[in-house]
>>> print(open('start.cif').read())   # mmCIF, C-alpha atoms and all ligand atoms
data_work
#
loop_
_atom_site.label_atom_id
_atom_site.label_comp_id
_atom_site.auth_asym_id
_atom_site.auth_seq_id
_atom_site.Cartn_x
_atom_site.Cartn_y
_atom_site.Cartn_z
CA MET A 131 -191.27 -2.19 35.03
CA LYS A 132 -190.28 -2.47 38.70
CA ARG A 133 -186.64 -3.37 39.32
CA LYS A 134 -185.67 -4.66 42.73
CA ASN A 135 -182.79 -2.25 42.98
CA ASN A 136 -185.06 0.77 42.62
CA LEU A 137 -187.06 2.72 45.15
CA ILE A 138 -190.81 2.26 44.88
CA PHE A 139 -193.00 5.15 46.01
CA GLY A 140 -196.78 5.39 45.75
CA GLY A 141 -196.72 2.14 43.76
CA TRP A 142 -194.24 3.52 41.21
CA ASP A 143 -190.61 2.82 40.37
CA VAL A 144 -189.23 6.31 40.91
CA VAL A 145 -186.29 5.77 38.56
CA ASP A 146 -188.82 5.22 35.77
CA LEU A 147 -190.67 8.36 36.85
CA ALA A 148 -187.44 10.35 36.74
CA SER A 149 -186.63 9.21 33.23
CA ARG A 150 -190.19 9.75 32.03
CA PHE A 151 -190.80 13.20 33.57
CA GLY A 152 -187.26 14.51 34.05
CA THR A 153 -185.60 15.86 37.19
CA PRO A 154 -185.78 17.63 39.52
CA LEU A 155 -189.28 16.32 40.07
CA TYR A 156 -191.72 16.57 42.93
CA VAL A 157 -193.74 13.36 43.38
CA LEU A 158 -196.82 13.31 45.54
CA SER A 159 -198.73 10.22 46.62
CA GLU A 160 -202.48 10.75 46.42
CA ASP A 161 -203.13 7.73 48.63
CA ALA A 162 -200.83 9.05 51.35
CA ILE A 163 -202.67 12.40 51.39
CA ARG A 164 -206.04 10.65 51.45
CA ASP A 165 -204.88 8.36 54.29
CA ARG A 166 -204.08 11.41 56.43
CA CYS A 167 -207.41 13.04 55.57
CA ARG A 168 -209.13 9.82 56.65
CA GLU A 169 -207.22 9.84 59.90
CA VAL A 170 -208.55 13.37 60.45
CA GLN A 171 -212.05 11.98 59.80
CA SER A 172 -211.79 8.98 62.11
CA CYS A 173 -209.65 10.41 64.91
CA PHE A 174 -211.19 13.86 65.09
CA LEU A 175 -214.27 14.68 63.03
CA LYS A 176 -216.15 11.43 63.71
CA LYS A 177 -214.73 10.93 67.17
CA TYR A 178 -215.75 14.31 68.60
CA GLU A 179 -219.04 16.10 68.11
CA ASN A 180 -219.22 19.57 66.63
CA THR A 181 -215.77 19.66 65.04
CA HIS A 182 -214.41 20.94 61.76
CA ALA A 183 -211.05 20.49 60.02
CA VAL A 184 -209.37 22.67 57.43
CA TYR A 185 -206.10 21.99 55.68
CA ALA A 186 -203.53 24.80 55.86
CA SER A 187 -203.04 25.36 52.18
CA LYS A 188 -199.76 27.29 52.60
CA ALA A 189 -198.13 23.87 53.08
CA PHE A 190 -198.95 22.90 49.50
CA LEU A 191 -201.74 24.03 47.21
CA THR A 192 -202.64 23.31 43.63
CA LEU A 193 -205.95 22.87 41.84
CA ALA A 194 -205.66 19.07 42.10
CA MET A 195 -204.92 19.28 45.84
CA CYS A 196 -208.13 21.28 46.30
CA ARG A 197 -210.08 18.50 44.61
CA ILE A 198 -208.55 15.80 46.83
CA LEU A 199 -209.40 17.75 49.99
CA GLU A 200 -212.92 18.54 48.90
CA THR A 201 -213.63 14.87 48.18
CA GLU A 202 -212.29 13.98 51.63
CA GLY A 203 -214.54 16.49 53.40
CA ILE A 204 -211.73 18.74 54.59
CA GLY A 205 -211.95 22.56 54.35
CA LEU A 206 -209.17 25.03 53.54
CA ASP A 207 -207.23 27.57 55.55
CA VAL A 208 -206.12 30.30 53.14
CA VAL A 209 -203.91 33.35 53.71
CA SER A 210 -203.95 35.26 50.46
CA GLY A 211 -206.00 36.31 47.47
CA GLY A 212 -203.96 33.81 45.46
CA GLU A 213 -204.99 30.91 47.66
CA ILE A 214 -208.65 32.00 47.56
CA TYR A 215 -208.43 32.32 43.79
CA THR A 216 -206.89 28.85 43.44
CA ALA A 217 -209.62 27.30 45.58
CA ALA A 218 -212.33 29.12 43.62
CA LYS A 219 -210.86 27.97 40.29
CA ALA A 220 -210.87 24.39 41.56
CA GLY A 221 -214.56 24.71 42.38
CA PHE A 222 -213.94 24.41 46.12
CA SER A 223 -216.93 25.32 48.33
CA MET A 224 -216.16 28.83 49.51
CA GLU A 225 -218.02 28.45 52.81
CA LYS A 226 -215.39 25.86 53.78
CA LEU A 227 -212.61 28.45 53.63
CA ILE A 228 -211.06 30.16 56.65
CA PHE A 229 -209.16 33.30 55.69
CA HIS A 230 -206.09 34.17 57.80
CA GLY A 231 -203.29 36.69 57.56
CA ASN A 232 -201.75 39.56 59.51
CA ASN A 233 -202.03 42.09 56.67
CA LYS A 234 -204.86 41.20 54.35
CA SER A 235 -205.22 43.91 51.76
CA PRO A 236 -208.55 45.67 51.18
CA ASP A 237 -208.70 43.92 47.79
CA GLU A 238 -208.19 40.54 49.42
CA LEU A 239 -210.89 41.29 52.00
CA ARG A 240 -213.23 42.37 49.20
CA LEU A 241 -212.51 39.16 47.31
CA ALA A 242 -213.22 37.13 50.45
CA LEU A 243 -216.57 38.90 50.96
CA GLU A 244 -217.50 38.63 47.31
CA LYS A 245 -216.72 34.90 47.21
CA GLY A 246 -218.51 34.21 50.50
CA VAL A 247 -215.51 32.77 52.33
CA GLY A 248 -216.75 30.89 55.42
CA ARG A 249 -214.73 32.64 58.13
CA ILE A 250 -212.46 35.66 58.15
CA VAL A 251 -209.99 35.54 61.01
CA VAL A 252 -209.44 39.14 62.07
CA ASP A 253 -205.88 39.70 63.20
CA SER A 254 -206.06 43.16 64.80
CA GLU A 255 -208.41 45.99 65.70
CA ASN A 256 -207.15 47.95 62.69
CA GLU A 257 -208.07 45.12 60.41
CA TYR A 258 -211.47 44.93 62.08
CA ASP A 259 -212.09 48.59 61.21
CA ILE A 260 -211.08 48.07 57.60
CA LEU A 261 -213.15 44.90 57.20
CA GLU A 262 -216.20 46.49 58.78
CA GLY A 263 -215.87 49.48 56.46
CA ILE A 264 -215.67 47.26 53.37
CA ALA A 265 -218.52 45.00 54.54
CA GLU A 266 -220.74 48.08 54.99
CA GLU A 267 -219.72 49.47 51.62
CA VAL A 268 -220.49 46.26 49.72
CA GLU A 269 -223.38 45.39 52.05
CA SER A 270 -222.07 41.95 52.71
CA GLU A 271 -222.13 40.06 55.98
CA ALA A 272 -219.32 37.85 57.22
CA ASP A 273 -218.71 35.39 60.03
CA ILE A 274 -215.47 36.20 61.78
CA LEU A 275 -213.08 34.89 64.43
CA PHE A 276 -210.51 36.91 66.36
CA ARG A 277 -206.95 35.64 66.30
CA VAL A 278 -205.43 35.67 69.75
CA ALA A 279 -201.72 35.50 70.60
CA PRO A 280 -201.99 33.43 73.76
CA GLY A 281 -198.53 34.31 75.07
CA VAL A 282 -197.22 30.77 74.69
CA ASP A 283 -193.70 30.12 73.46
CA ALA A 284 -193.71 26.98 71.31
CA HIS A 285 -190.54 24.92 71.14
CA THR A 286 -189.68 25.08 67.49
CA HIS A 287 -187.51 27.17 65.17
CA LYS A 288 -188.07 30.83 66.08
CA TYR A 289 -189.16 31.63 62.53
CA ILE A 290 -192.15 29.29 62.88
CA ALA A 291 -193.20 30.10 66.46
CA THR A 292 -196.30 32.28 66.35
CA GLY A 293 -198.09 32.17 69.71
CA HIS A 294 -195.84 34.35 71.88
CA THR A 295 -196.88 37.81 73.05
CA ALA A 296 -194.42 39.56 70.70
CA SER A 297 -195.73 37.64 67.65
CA LYS A 298 -196.72 39.65 64.61
CA PHE A 299 -199.87 37.52 64.49
CA GLY A 300 -203.02 38.06 66.48
CA MET A 301 -204.13 40.22 69.38
CA PRO A 302 -202.31 39.90 72.67
CA VAL A 303 -204.37 38.35 75.39
CA LEU A 304 -202.97 40.82 77.94
CA GLY A 305 -204.90 44.01 78.64
CA ASP A 306 -208.52 44.70 77.70
CA GLY A 307 -208.08 45.07 73.92
CA ILE A 308 -209.87 41.84 73.17
CA THR A 309 -212.86 42.59 75.43
CA ARG A 310 -213.20 45.98 73.76
CA ILE A 311 -213.24 44.58 70.26
CA VAL A 312 -215.57 41.73 71.24
CA GLU A 313 -218.04 44.32 72.51
CA ARG A 314 -217.77 46.23 69.26
CA ALA A 315 -218.38 43.07 67.23
CA MET A 316 -221.43 42.19 69.34
CA THR A 317 -223.23 45.22 67.94
CA SER A 318 -221.94 45.04 64.36
CA ARG A 319 -224.56 44.77 61.63
CA PHE A 320 -222.26 43.12 59.13
CA LEU A 321 -219.65 41.17 61.07
CA HIS A 322 -220.76 38.21 63.15
CA LEU A 323 -218.22 37.11 65.72
CA LYS A 324 -218.23 33.35 66.20
CA GLY A 325 -215.22 32.91 68.45
CA PHE A 326 -211.45 32.78 68.64
CA HIS A 327 -208.43 31.32 66.91
CA PHE A 328 -204.87 30.62 67.95
CA HIS A 329 -201.93 29.01 66.19
CA VAL A 330 -198.91 28.52 68.39
CA GLY A 331 -196.33 27.36 65.86
CA SER A 332 -195.36 24.78 63.32
CA GLN A 333 -193.50 21.45 63.25
CA LEU A 334 -194.34 20.81 66.91
CA LYS A 335 -193.38 17.41 68.23
CA ASP A 336 -195.69 17.59 71.27
CA ASN A 337 -198.86 19.35 72.30
CA MET A 338 -197.58 21.23 75.36
CA SER A 339 -198.04 24.65 73.72
CA HIS A 340 -201.52 23.73 72.50
CA LEU A 341 -202.54 22.64 76.00
CA MET A 342 -201.23 25.84 77.54
CA ALA A 343 -202.92 27.94 74.86
CA VAL A 344 -206.25 26.15 75.45
CA ASN A 345 -206.10 27.16 79.14
CA VAL A 346 -205.44 30.76 78.18
CA LEU A 347 -208.23 30.80 75.61
CA LEU A 348 -210.78 29.19 77.93
CA ASP A 349 -210.00 31.85 80.54
CA LEU A 350 -210.49 34.49 77.88
CA ILE A 351 -213.76 32.91 76.73
CA SER A 352 -215.03 32.83 80.27
CA ASN A 353 -213.91 36.44 80.92
CA VAL A 354 -215.67 37.82 77.87
CA ARG A 355 -218.79 35.92 78.86
CA ASP A 356 -218.70 37.38 82.39
CA ARG A 357 -217.79 40.91 81.35
CA SER A 358 -219.74 41.31 78.10
CA GLY A 359 -222.13 38.40 77.89
CA PHE A 360 -220.45 37.14 74.71
CA LEU A 361 -221.00 33.41 74.15
CA THR A 362 -218.22 31.78 72.15
CA GLU A 363 -219.43 29.33 69.54
CA GLU A 364 -216.11 28.37 67.95
CA LEU A 365 -212.55 27.74 69.09
CA ASN A 366 -209.97 27.21 66.36
CA VAL A 367 -206.77 25.67 67.76
CA GLY A 368 -204.69 26.05 64.58
CA GLY A 369 -202.26 23.49 63.18
CA GLY A 370 -198.61 22.80 63.83
CA PHE A 371 -198.66 19.02 64.25
CA GLY A 372 -195.12 17.89 63.49
CA VAL A 373 -193.71 15.20 61.23
CA PRO A 374 -190.63 13.02 61.70
CA GLU A 375 -187.55 14.33 59.95
CA LEU A 376 -185.11 11.45 60.02
CA PRO A 377 -185.37 7.64 59.86
CA GLY A 378 -186.09 6.16 63.28
CA GLU A 379 -188.34 9.01 64.41
CA ASP A 380 -191.94 7.92 64.98
CA PRO A 381 -194.71 9.49 62.93
CA VAL A 382 -196.97 11.79 64.97
CA LYS A 383 -200.39 10.16 65.42
CA LEU A 384 -203.16 12.69 65.23
CA SER A 385 -204.96 11.17 68.20
CA ASP A 386 -201.84 11.36 70.41
CA PHE A 387 -201.71 15.03 69.63
CA ILE A 388 -205.35 16.01 69.62
CA ASP A 389 -207.01 13.75 72.24
CA PRO A 390 -205.40 15.54 75.19
CA VAL A 391 -206.32 18.88 73.59
CA MET A 392 -209.96 17.81 73.28
CA GLU A 393 -209.97 16.46 76.83
CA ARG A 394 -208.59 19.78 78.05
CA ILE A 395 -211.27 21.72 76.13
CA ILE A 396 -214.09 19.52 77.40
CA SER A 397 -212.98 19.48 81.04
CA GLY A 398 -211.93 23.15 80.96
CA CYS A 399 -215.38 24.14 79.71
CA GLU A 400 -217.04 22.08 82.42
CA ASP A 401 -214.88 23.70 85.10
CA ARG A 402 -215.78 27.18 83.87
CA GLY A 403 -219.43 26.43 83.18
CA LEU A 404 -219.01 27.06 79.44
CA ARG A 405 -220.77 25.41 76.54
CA ILE A 406 -218.21 23.41 74.55
CA PRO A 407 -217.52 25.44 71.41
CA GLN A 408 -217.14 23.91 67.97
CA THR A 409 -213.47 22.94 67.75
CA ILE A 410 -211.55 23.49 64.54
CA ILE A 411 -208.07 22.21 63.61
CA GLU A 412 -205.82 23.38 60.76
CA PRO A 413 -203.16 20.77 59.97
CA GLY A 414 -200.93 21.56 56.99
CA ARG A 415 -197.57 19.83 57.13
CA TRP A 416 -198.95 16.74 58.88
CA ILE A 417 -201.29 16.02 55.95
CA VAL A 418 -198.90 16.42 53.09
CA SER A 419 -195.24 16.34 54.14
CA GLU A 420 -194.68 12.59 54.17
CA ALA A 421 -196.79 12.20 51.02
CA GLY A 422 -194.09 13.88 48.95
CA ILE A 423 -190.61 13.07 47.71
CA THR A 424 -188.29 14.97 45.39
CA LEU A 425 -186.22 13.24 42.73
CA TYR A 426 -182.93 14.71 41.58
CA SER A 427 -180.28 13.61 39.11
CA ILE A 428 -176.90 13.34 40.70
CA GLY A 429 -174.30 15.45 38.93
CA LEU A 430 -170.73 16.01 39.98
CA LEU A 431 -168.93 14.57 42.95
CA LYS A 432 -166.25 16.65 44.65
CA GLU A 433 -164.00 15.08 47.22
CA ILE A 434 -161.85 17.34 49.38
CA PRO A 435 -159.62 14.62 50.87
CA GLY A 436 -159.86 14.38 54.62
CA VAL A 437 -162.43 17.19 54.75
CA ILE A 438 -165.73 16.57 52.97
CA THR A 439 -167.29 14.97 49.92
CA TYR A 440 -169.95 16.89 48.03
CA VAL A 441 -172.56 15.31 45.82
CA SER A 442 -174.30 17.89 43.64
CA VAL A 443 -177.86 17.53 42.44
CA ASP A 444 -179.78 19.38 39.75
CA GLY A 445 -182.05 21.27 42.20
CA GLY A 446 -181.46 22.59 45.69
CA MET A 447 -182.60 25.56 47.74
CA THR A 448 -184.76 26.72 44.85
CA ASP A 449 -187.07 23.70 45.20
CA ASN A 450 -186.42 23.15 48.94
CA PRO A 451 -185.36 26.27 50.87
CA ARG A 452 -186.10 24.70 54.28
CA PRO A 453 -182.60 23.45 55.20
CA ALA A 454 -181.16 26.89 54.43
CA LEU A 455 -183.99 28.76 56.17
CA TYR A 456 -184.68 26.69 59.25
CA GLY A 457 -181.83 24.19 59.43
CA ALA A 458 -184.44 21.55 58.57
CA LEU A 459 -183.19 17.97 58.31
CA TYR A 460 -183.95 15.66 55.40
CA HIS A 461 -183.09 12.10 54.49
CA GLY A 462 -182.43 10.68 51.05
CA VAL A 463 -181.45 7.52 49.21
CA VAL A 464 -179.88 6.70 45.87
CA ALA A 465 -183.06 5.45 44.27
CA ASN A 466 -181.41 3.20 41.68
CA ARG A 467 -179.06 1.51 44.19
CA MET A 468 -181.43 0.48 46.96
CA ASP A 469 -179.74 -2.84 47.69
CA GLU A 470 -176.17 -1.56 47.63
CA LYS A 471 -174.30 -0.95 50.85
CA ALA A 472 -173.35 2.55 51.97
CA SER A 473 -169.67 3.19 51.35
CA MET A 474 -169.32 6.94 51.80
CA LYS A 475 -170.61 9.87 53.77
CA VAL A 476 -171.46 12.93 51.69
CA SER A 477 -173.09 16.32 51.82
CA VAL A 478 -175.77 16.75 49.21
CA VAL A 479 -175.65 20.22 47.73
CA GLY A 480 -177.78 22.05 45.23
CA LYS A 481 -176.69 24.02 42.18
CA CYS A 482 -177.33 27.54 43.50
CA CYS A 483 -174.57 30.08 43.99
CA GLU A 484 -174.82 29.92 47.76
CA SER A 485 -172.62 28.00 50.17
CA GLY A 486 -175.73 27.48 52.30
CA ASP A 487 -177.38 25.49 49.51
CA VAL A 488 -176.92 22.19 51.35
CA LEU A 489 -179.89 19.84 51.27
CA ILE A 490 -178.49 17.05 53.46
CA ARG A 491 -175.32 16.79 55.54
CA ASP A 492 -173.56 13.52 56.35
CA LEU A 493 -175.71 11.26 54.22
CA GLU A 494 -174.41 7.70 53.91
CA ILE A 495 -174.75 6.38 50.38
CA PRO A 496 -173.30 3.64 48.16
CA SER A 497 -170.77 4.66 45.57
CA ILE A 498 -172.51 6.57 42.82
CA LYS A 499 -172.20 7.74 39.22
CA PRO A 500 -173.42 10.98 37.64
CA GLY A 501 -176.95 10.36 36.39
CA ASP A 502 -177.95 8.28 39.41
CA ILE A 503 -181.22 9.38 41.02
CA LEU A 504 -181.37 10.79 44.53
CA ALA A 505 -184.75 10.64 46.25
CA VAL A 506 -185.27 13.02 49.17
CA PHE A 507 -188.14 12.08 51.48
CA ASN A 508 -190.72 14.14 53.31
CA THR A 509 -190.75 17.05 50.89
CA GLY A 510 -194.53 17.33 50.40
CA ALA A 511 -194.93 20.35 52.69
CA TYR A 512 -193.44 23.83 52.29
CA ASN A 513 -191.19 22.80 49.38
CA PHE A 514 -193.27 23.42 46.26
CA SER A 515 -195.08 26.26 48.02
CA MET A 516 -191.84 28.02 49.00
CA ALA A 517 -189.86 27.32 45.82
CA SER A 518 -188.16 30.15 43.97
CA ASN A 519 -186.53 30.89 40.64
CA TYR A 520 -183.24 31.96 42.18
CA ASN A 521 -180.40 31.87 39.66
CA ARG A 522 -183.14 31.66 37.04
CA ASN A 523 -183.67 28.00 37.68
CA PRO A 524 -187.04 26.83 36.32
CA ARG A 525 -189.23 25.18 38.96
CA PRO A 526 -189.58 21.40 38.85
CA GLY A 527 -192.65 19.63 37.57
CA LEU A 528 -195.00 17.96 40.01
CA ILE A 529 -196.67 14.63 39.50
CA LEU A 530 -199.45 13.03 41.47
CA VAL A 531 -199.20 9.25 41.70
CA SER A 532 -201.56 6.53 42.83
CA GLU A 533 -201.92 2.89 41.85
CA GLY A 534 -201.80 2.88 38.05
CA LYS A 535 -201.87 6.68 37.67
CA ALA A 536 -199.06 9.22 37.34
CA ASP A 537 -200.39 12.61 36.28
CA ILE A 538 -198.55 15.87 35.82
CA ILE A 539 -200.44 18.32 38.03
CA VAL A 540 -197.92 21.14 37.63
CA GLU A 541 -195.84 21.44 34.47
CA ARG A 542 -192.10 21.90 34.77
CA GLN A 543 -191.29 25.54 34.06
CA THR A 544 -189.53 26.38 30.82
CA TYR A 545 -187.02 29.18 30.20
CA GLU A 546 -189.84 30.99 28.41
CA ASP A 547 -191.92 30.83 31.64
CA LEU A 548 -189.09 32.64 33.40
CA LEU A 549 -189.51 35.60 31.05
CA ARG A 550 -193.29 35.83 31.39
CA GLY A 551 -194.31 39.39 32.14
CA GLU A 552 -190.91 40.90 31.36
CA THR A 553 -190.46 43.67 28.80
CA ILE A 554 -187.55 45.76 27.57
CA PRO A 555 -188.43 49.50 27.67
CA GLU A 556 -188.17 51.26 24.30
CA HIS A 557 -184.98 53.18 25.16
CA LEU A 558 -183.12 49.97 25.95
CA LYS A 559 -183.99 48.18 22.74
N1 LIG B 1 -202.89 27.64 60.77
C1 LIG B 1 -202.25 28.83 60.74
C2 LIG B 1 -202.97 30.05 61.10
C3 LIG B 1 -200.91 28.89 60.35
O1 LIG B 1 -200.28 30.05 60.34
C4 LIG B 1 -200.24 27.69 59.98
C5 LIG B 1 -198.84 27.72 59.55
C6 LIG B 1 -200.96 26.48 60.02
C7 LIG B 1 -202.29 26.50 60.42
C8 LIG B 1 -200.38 25.18 59.59
O2 LIG B 1 -199.25 24.80 60.28
P1 LIG B 1 -198.66 23.32 60.03
O3 LIG B 1 -199.73 22.35 60.43
O4 LIG B 1 -198.33 23.17 58.59
O5 LIG B 1 -197.49 23.28 60.89
N2 LIG B 1 -192.72 27.59 56.13
C9 LIG B 1 -192.57 26.97 57.43
C10 LIG B 1 -193.90 26.73 58.10
C11 LIG B 1 -194.69 28.01 58.32
C12 LIG B 1 -196.04 27.74 58.92
C13 LIG B 1 -196.85 28.97 59.00
N3 LIG B 1 -198.17 28.78 59.51
C14 LIG B 1 -191.79 25.67 57.27
O6 LIG B 1 -191.42 25.34 56.15
O7 LIG B 1 -191.55 24.99 58.25
#
>>> encode(input="start.cif", output="structure tokens")
Amino acid sequence: MKRKNNLIFGGWDVVDLASRFGTPLYVLSEDAIRDRCREVQSCFLKKYENTHAVYASKAFLTLAMCRILETEGIGLDVVSGGEIYTAAKAGFSMEKLIFHGNNKSPDELRLALEKGVGRIVVDSENEYDILEGIAEEVESEADILFRVAPGVDAHTHKYIATGHTASKFGMPVLGDGITRIVERAMTSRFLHLKGFHFHVGSQLKDNMSHLMAVNVLLDLISNVRDRSGFLTEELNVGGGFGVPELPGEDPVKLSDFIDPVMERIISGCEDRGLRIPQTIIEPGRWIVSEAGITLYSIGLLKEIPGVITYVSVDGGMTDNPRPALYGALYHGVVANRMDEKASMKVSVVGKCCESGDVLIRDLEIPSIKPGDILAVFNTGAYNFSMASNYNRNPRPGLILVSEGKADIIVERQTYEDLLRGETIPEHLK
């Protein structure tokens, strides 16, 4: 039953969800994810010819998420054997996978070849050697891209900037390393080079870095054509499209971000006499972040008069490490007191033994009681996927909601789950 005092999300009274499924609880709106996928369809895939979109699964991946993406015609960017395995288990079409990573293991590369992953993005010349060796050994061909570090410094937290020359990802555009490896790939029997990839960074609020990187890449594409005769078929411009963090910030429209990038590619190709390559995008956060909220039960309140008031919740940096890692900002509401006026300013803290376990600073809320439900918005991306069991806290359950449906898609961990795989050696028994 919907009560007017309670927050409604994805068509559901979240206070009811909290009492039915327990807290902390991740809640994901299927409709919100599908809406974003449809925006990708209308503002990119249908609007521009010869385009392809993959979702960056590191943002959030489960079996159910794979099914949603597949039914929306979106592929997957994966970065590990675990992500490939998840997609395979969900019955995802393997040719729609793009496999990234700066240190893919030989086993992961073998798995990718065996499963027939659509593209392998080679990160370095060393990796090229290893992949070519494995492809020869298993007699399997693969379509590849080269990841390029375009030397562009994106304006975001330094931990999530990836396009600069000193980045651990990709091959620097300076020097003739890329031409050399392109020429090697042109004669490879097993590896078929289709083009290039860049990813400049994450949670970007504008497309300046993408535009600069496109210029760099088009120069590279034209150089390798002139020097080696290599014709680039694909240009993958990565993800990184940001999301608003706090109320009052406007959502990022995909077309505002991507139209200028496409215009730059089209005009840049014309200027250089290049055929327009297939353009690929890899949004992660933008698809799923705003589709998720996390529900917590409020526990103890601690007021240090004249200094600060803490409100503790039953989760924290274990289910959302982003504030502690990147200083990320979140907003929340007391979900069972939606029509009550704010009367205090608090810091919302988790239950971990870390002073940095602060989810939200200076949140204005009405007066509360233990057992009230705090809903934190915008937690769909990089929360579940980066969660930990620190302090031996079991991970929250995850439910997928849509009109009339609320399904558990990931069970809440039990204490027994925490012990899975542990043994006591004989001499300690
Ligand atoms: N493509 C590649 C090759 C990437 O490395 C990434 C993200 C993406 C696409 C998707 O980026 P997005 O659209 O989600 O911004 N844990 C950090 C984010 C790390 C992103 C790493 N790469 C966070 O919580 O902010």
>>> residues_around(input="start.cif", residues="A:Val209", least_positions_apart="5", cutoff="12 Å", atoms="all atoms listed in the file", output="count of residues only")
28
>>> residues_near_ligand(input="start.cif", ligand="ligand LIG 1 (chain B)", cutoff="6 Å", atoms="only C-alpha atoms and all ligand atoms", output="PyMOL selection string")
chain A and resi 186+189+290+329+332-333+368-371+412-416+452+512
>>> closest_residue(input="start.cif", among="A:Phe151, A:Phe514, A:Tyr545, A:Phe360", to="A:Ile423", atoms="all atoms listed in the file")
A:Phe514
>>> closest_residue(input="start.cif", among="A:Val344, A:Ala505, A:Ile438, A:Met516", to="A:Thr153", atoms="only C-alpha atoms")
A:Ala505
>>> atom_distance(input="start.cif", atom1="atom CA of A:Leu431", atom2="atom CA of A:Leu489")
14.7 Å
>>> atom_distance(input="start.cif", atom1="atom CA of A:Ser297", atom2="atom CA of A:Asn256")
16.2 Å
